[in-house]
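Asks: This is the structure I want to talk about, given as structure tokens.
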Amino acid sequence: MRKFEKLYIDGEWVAPVGSDKTIEVLEASSENVIASIPEGTKADVDRAVRAAHAAFAGWSQRSVEERAGYLAKISEGLGKRSDEIAETISREVGMPIGLSKMIQAGLPTANFGTYAQLVRQFPFEEQVGSSTVVREPIGVVGCITPWNYPLHQIAAKMAPALAAGCTIVLKPSEVAPINAFILAEICHEAGLPKGVFNLVTGFGPVVGEALAAHPLVDMVSFTGSTRAGRRVSELAAQTIKRVA
């Protein structure tokens, strides 16, 4: 059994704040415990959001080519660990290993690689008639992702946000979170600047709600149930966030 005792915040693996509780991760096929992760708190979310907020100015001002380079490095890192990722997600969600290699490991790798190319072609500034249209990153993006396509849904939110110049706080599903820790390791090895990507694990009513309500989060990207989505929208509306 793997024990993940720390969260990834501001470019470092740090102990959770105010709680030593953990969440057990079960293998889909056997229901045996295969890992444990930190049960994050509102204080952990605050620390992660503040790190992302502080990192935004520097990250958003980096050149498109620099940001594309980091996305390419993450794609390469995912590719190198594709077998491990496929096996991990197969155990987490129960998908047969052959499909997991193609879908659960293959798609996220492709997503990061694709956005490394797309961002180089994206018109951040263009003339429309007599007007100049400038597209700017929104800021800190809170990503709340589901269990069934765990790494793919992270990549589908994170890759375009990083490409645009946004910083990230990720709350993955507590049902299938191990792949998110692998991604954090890859981001660290890729040299992603401190605070650009942050990982806080925990339950939706605590970590997810704290992320949706935090005043320094500029946008929430959520995939999940209608009930949870309604709650995210309610909390985000209090600070007039964008919600996807």
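Here's how to read the names in the structure tokens: chain A, B, ... by the order shown, residue numbers from 1 in each chain, ligand numbers from 1 in the order shown.
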Give me, as a VMD selection string, all polymer residues having an atom no more than 9 Å from A:Arg135, counting only C-alpha atoms and skipping those fewer than 2 positions away in the same chain.
Replies: chain A and resid 123 to 126 133 137 164
Asks: For A:Gln61, please output as a list in words all residues within 9 Å (counting only C-alpha atoms; exclusion window: fewer than 4 positions along the same chain).
Replies: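 With the cut-off at 9 Å, the set is Phe56, Ala57 and Gly165 of chain A.
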Asks: Near stretch 171-176 of chain A, within 8 Å and counting only C-alpha atoms, which residues show up once chain neighbours fewer than 5 positions away are dropped, as a list in words?
Replies: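 My list of contacting residues is Ile23, Val25, Leu26, Ile89, Glu92, Val93, Gly142, Cys143, Ile144, Thr145, Pro146, Trp147, Asn148, Pro150, Ile154, Leu199, Val200, Thr201, Gly202, Phe203, Val207 and Gly208 of chain A.
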Asks: Take the selection from the previous step and output its residues with C-alpha atoms, as an mmCIF file, in the first residue's frame.
Replies:
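So part.cif came out as:
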data_model
loop_
_atom_site.group_PDB
_atom_site.id
_atom_site.type_symbol
_atom_site.label_atom_id
_atom_site.label_comp_id
_atom_site.auth_asym_id
_atom_site.auth_seq_id
_atom_site.Cartn_x
_atom_site.Cartn_y
_atom_site.Cartn_z
ATOM 1 C CA ILE A 23 -8.535 8.943 3.104
ATOM 2 C CA VAL A 25 -8.132 4.581 -1.720
ATOM 3 C CA LEU A 26 -9.721 1.281 -2.738
ATOM 4 C CA ILE A 89 -5.783 4.111 -13.061
ATOM 5 C CA GLU A 92 -8.368 2.928 -9.256
ATOM 6 C CA VAL A 93 -11.366 2.832 -11.605
ATOM 7 C CA GLY A 142 -9.609 25.897 -9.366
ATOM 8 C CA CYS A 143 -9.964 22.472 -10.999
ATOM 9 C CA ILE A 144 -12.347 19.919 -9.469
ATOM 10 C CA THR A 145 -12.263 16.613 -11.327
ATOM 11 C CA PRO A 146 -14.200 13.301 -11.364
ATOM 12 C CA TRP A 147 -13.143 9.712 -10.790
ATOM 13 C CA ASN A 148 -14.002 7.981 -14.066
ATOM 14 C CA PRO A 150 -9.319 11.078 -13.651
ATOM 15 C CA ILE A 154 -7.231 16.970 -15.089
ATOM 16 C CA LEU A 199 -2.474 19.779 -5.488
ATOM 17 C CA VAL A 200 -4.829 19.520 -2.510
ATOM 18 C CA THR A 201 -6.669 16.241 -1.914
ATOM 19 C CA GLY A 202 -9.779 15.810 0.199
ATOM 20 C CA PHE A 203 -13.557 15.660 0.133
ATOM 21 C CA VAL A 207 -11.793 21.106 -0.165
ATOM 22 C CA GLY A 208 -14.047 21.573 -3.186
#
Asks: Name all residues at most 7 Å from A:Lys241 (count only C-alpha atoms; drop same-chain ones fewer than 4 positions away) and give them as number ranges by chain.
Replies: A: 218-219, 236-237
Asks: For the selection just defined, write its residues with C-alpha atoms to a file, as a PDB file, in the first residue's frame.
Replies:
ATOM      1  CA  ASP A 218     -10.813  33.647 -10.452  1.00  0.00           C
ATOM      2  CA  MET A 219     -12.423  30.667 -12.172  1.00  0.00           C
ATOM      3  CA  ALA A 236     -18.659  30.822  -6.909  1.00  0.00           C
ATOM      4  CA  ALA A 237     -21.440  33.344  -7.469  1.00  0.00           C
TER       5      ALA A 237
END
Asks: Which is closer to A:Asp83 than all the others in A:Asn179, A:Lys6, A:Gly69, A:Gly224, using only C-alpha atoms?
Replies: A:Asn179
Asks: Of the residues A:Arg81, A:Arg47, A:Arg67, A:His214, which is the one nearest to A:Gln238, using only C-alpha atoms?
Replies: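 Looking only at the distances to A:Gln238, the closest residue turns out to be A:His214.
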Asks: Determine the nearest neighbour of A:Arg120 from the options A:Asp44, A:Glu31, A:Glu65, A:Asp10, counting only C-alpha atoms.
Replies: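 Smallest distance to A:Arg120 is found for A:Glu65.
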Asks: If you run DSSP over the backbone, which residues in stretch 178-220 of chain A end up helix (DSSP H, G or I)? Put them as a ChimeraX atom specification.
Replies: /A:178-189,204-213
Asks: Find the residue from A:Ala35, A:Ala52, A:Met1, A:Ile85 that sits nearest to A:Lys194; use only C-alpha atoms when measuring.
Replies: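 Of A:Ala35, A:Ala52, A:Met1, A:Ile85, the one nearest A:Lys194, counting only C-alpha atoms, is A:Ala52.
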Asks: Among stretch 3-243 of chain A, which residues carry a DSSP assignment of strand (DSSP E), reported as a PyMOL selection string?
Replies: chain A and resi 3+7-9+12-14+22-26+33-38+125-128+131-134+140-144+167-171+197-199+219-222+242-243
Asks: Neighbouring residues of stretch 99-106 of chain A were defined as those with any atom within 7 Å, considering only C-alpha atoms; residues of the same chain fewer than 4 positions away were excluded. Please report them as a list in words.
Replies: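 My reading of the contact set: Ser82, Asp83, Ile85, Ala86, Ile89, Ser90, Met95, Ala110, Tyr149, Leu151 and His152 of chain A.
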Asks: With N, CA and C atoms retained, export the selected residues as a PDB file, in the first residue's frame.
Replies:
ATOM      1  N   SER A  82       3.873   6.109 -18.761  1.00  0.00           N
ATOM      2  CA  SER A  82       2.547   5.710 -19.241  1.00  0.00           C
ATOM      3  C   SER A  82       2.113   4.344 -18.724  1.00  0.00           C
ATOM      4  N   ASP A  83       3.027   3.392 -18.652  1.00  0.00           N
ATOM      5  CA  ASP A  83       2.668   2.058 -18.151  1.00  0.00           C
ATOM      6  C   ASP A  83       2.248   2.131 -16.686  1.00  0.00           C
ATOM      7  N   ILE A  85       1.096   4.781 -15.130  1.00  0.00           N
ATOM      8  CA  ILE A  85      -0.165   5.527 -15.058  1.00  0.00           C
ATOM      9  C   ILE A  85      -1.336   4.628 -15.443  1.00  0.00           C
ATOM     10  N   ALA A  86      -1.182   3.867 -16.512  1.00  0.00           N
ATOM     11  CA  ALA A  86      -2.251   2.969 -16.962  1.00  0.00           C
ATOM     12  C   ALA A  86      -2.589   1.946 -15.893  1.00  0.00           C
ATOM     13  N   ILE A  89      -4.386   3.726 -12.833  1.00  0.00           N
ATOM     14  CA  ILE A  89      -5.783   4.111 -13.061  1.00  0.00           C
ATOM     15  C   ILE A  89      -6.653   2.883 -13.276  1.00  0.00           C
ATOM     16  N   SER A  90      -6.098   1.843 -13.856  1.00  0.00           N
ATOM     17  CA  SER A  90      -6.828   0.593 -13.998  1.00  0.00           C
ATOM     18  C   SER A  90      -7.240   0.057 -12.629  1.00  0.00           C
ATOM     19  N   MET A  95     -10.911  -0.027 -15.122  1.00  0.00           N
ATOM     20  CA  MET A  95     -10.847  -0.182 -16.578  1.00  0.00           C
ATOM     21  C   MET A  95      -9.818  -1.258 -16.957  1.00  0.00           C
ATOM     22  N   ALA A 110      -1.401  13.065 -24.771  1.00  0.00           N
ATOM     23  CA  ALA A 110      -1.695  13.762 -26.024  1.00  0.00           C
ATOM     24  C   ALA A 110      -2.222  15.168 -25.768  1.00  0.00           C
ATOM     25  N   TYR A 149     -12.596   9.389 -15.488  1.00  0.00           N
ATOM     26  CA  TYR A 149     -11.479   9.657 -16.404  1.00  0.00           C
ATOM     27  C   TYR A 149     -10.547  10.617 -15.682  1.00  0.00           C
ATOM     28  N   LEU A 151      -7.205  11.335 -14.849  1.00  0.00           N
ATOM     29  CA  LEU A 151      -6.083  12.125 -15.354  1.00  0.00           C
ATOM     30  C   LEU A 151      -6.464  12.865 -16.630  1.00  0.00           C
ATOM     31  N   HIS A 152      -7.319  12.263 -17.432  1.00  0.00           N
ATOM     32  CA  HIS A 152      -7.767  12.939 -18.652  1.00  0.00           C
ATOM     33  C   HIS A 152      -8.519  14.231 -18.314  1.00  0.00           C
TER      34      HIS A 152
END
Asks: Nearest to A:Asn198 among A:Leu7, A:Leu107, A:Gln153, A:Glu66, with distances taken over only C-alpha atoms: which residue is it?
Replies: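 Ranking A:Leu7, A:Leu107, A:Gln153, A:Glu66 by distance to A:Asn198, first place goes to A:Leu7.
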Asks: Which residue gives the smallest distance to A:Ile168 among A:Thr132, A:Arg91, A:Val49, A:Lys73, with only C-alpha atoms counted?
Replies: A:Val49
